[in-house]
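For reference, the structure is listed below as structure tokens.
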Amino acid sequence: MIIHAARLSIDNLFAAETRKVFCKVLGITVLALIALWFAVRGVFVAFVWPWLQSFVPPVPDWTNWLTFVLALLVGFGLALGLALLISPVTALVAGLFLDEVADVVEKRDYPADAPGTALPFLQALKGSLRFLGIVIVGNLIALILLFVPGVNLVAFFLVNGYLLGREFFEFAAMRFRSPEEARRFRAKYAMTVFLAGLVIAAFLAIPIVNLLTPLFAAGMMVHLHKLMTAREAASAGGNRLRR
């Protein structure tokens, strides 16, 4: 079921119906990351770099390699920091466009079903900010565990798998259920949702491709919720017939 939902979501990424939202989400995510890079770099150059240089002892010009090495380390650190920010940035973009993605998926692949109901703007914004905070905290924990041998990579997948699976699935479910019902439905199938979250975390770990995480994750969870709802309905119908 999870693999089937993931395959359907990948098909959606390249479908003509999703091209408009595809370009919009990808463009905004890239622009946000570029703006964030220049902002972080500007703050660093203005405040942190002079402070770091004060620790480099005065040496002749021909031995200025210390400053060069320090600059390389700083550049690597900034690149790593930006890589760690991809997840929160994609989470924020996702919160703004998830309903649009879900609408396209539902109309394309489930035209006979009743369409889902988009969340009110303030509720969607609140959920997006809450999700952003959760992802930041989760990635900070993963970053701390990065220095623990044998745990770092596992921590990345476990933390992001749980958070991404939970939030994206509840979003898909809340288009058809109340928030409380969506949480109960997710809790009932917690292991399936978690395993689906691991697939999203694996997608997030692929450089460049991970910019499409919001589209992939939203589409995948819409499909997964549809499949699970249909299976539960079939199971309930079978139980009634046996009675």
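For the structure tokens, the naming scheme is as follows: chains receive sequential letters (A, B, ...) according to their order of presentation, residues are indexed from 1 within each chain, and ligands are indexed from 1 in presentation order.
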Considering only C-alpha atoms, return as a CSV table (one decimal) with C-alpha atoms, in the first residue's frame whatever protein or nucleic-acid residues lie within 7 Å of stretch 157-161 of chain A, sequence-local ones (same chain, fewer than 2 positions apart) excluded.
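Result saved to around-v2.csv:
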```
chain,number,residue,atom,x,y,z
A,138,GLY,CA,13.2,17.5,15.4
A,142,ALA,CA,18.9,15.0,14.9
A,153,LEU,CA,21.8,8.7,10.1
A,154,VAL,CA,19.3,6.5,12.0
A,155,ALA,CA,18.2,9.6,14.0
A,163,LEU,CA,7.2,14.1,12.0
A,164,LEU,CA,6.7,14.1,8.3
A,165,GLY,CA,4.5,11.1,8.3
A,194,PHE,CA,5.4,6.0,10.2
A,197,GLY,CA,7.0,8.9,6.7
A,198,LEU,CA,10.3,7.0,6.3
A,200,ILE,CA,9.3,10.8,2.7
A,201,ALA,CA,12.4,11.1,4.8
```
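Near A:Ile2, within 6 Å and counting only C-alpha atoms, sit His4, Ala5 and Ala196 of chain A, not including residues fewer than 2 positions from it in the same chain.
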Deliver the residues from the most recent selection as a file, using C-alpha atoms, as a compact mmCIF listing (two decimals), in the first residue's frame.
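File produced: out.txt:
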```
# COMPACT_ATOMS: atom_id res chain seq x y z
CA HIS A 4 1.71 1.98 -4.33
CA ALA A 5 0.92 5.40 -2.81
CA ALA A 196 5.24 6.07 4.90
```
- Item | One-decimal distance in Å that lies between atom CA of A:Val93 and atom CA of A:Pro179 |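 Those two atoms sit 21.0 Å apart.
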- Task: Between A:Leu140, A:Leu119, A:Leu132, A:Ile208, single out the one closest to A:Asp99, counting only C-alpha atoms.
- Result: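 Nearest to A:Asp99: A:Leu119.
If only C-alpha atoms are the atoms counted, then among A:Pro111, A:Gly219, A:Pro120, A:Pro214 the closest residue to A:Val89 is A:Pro214.
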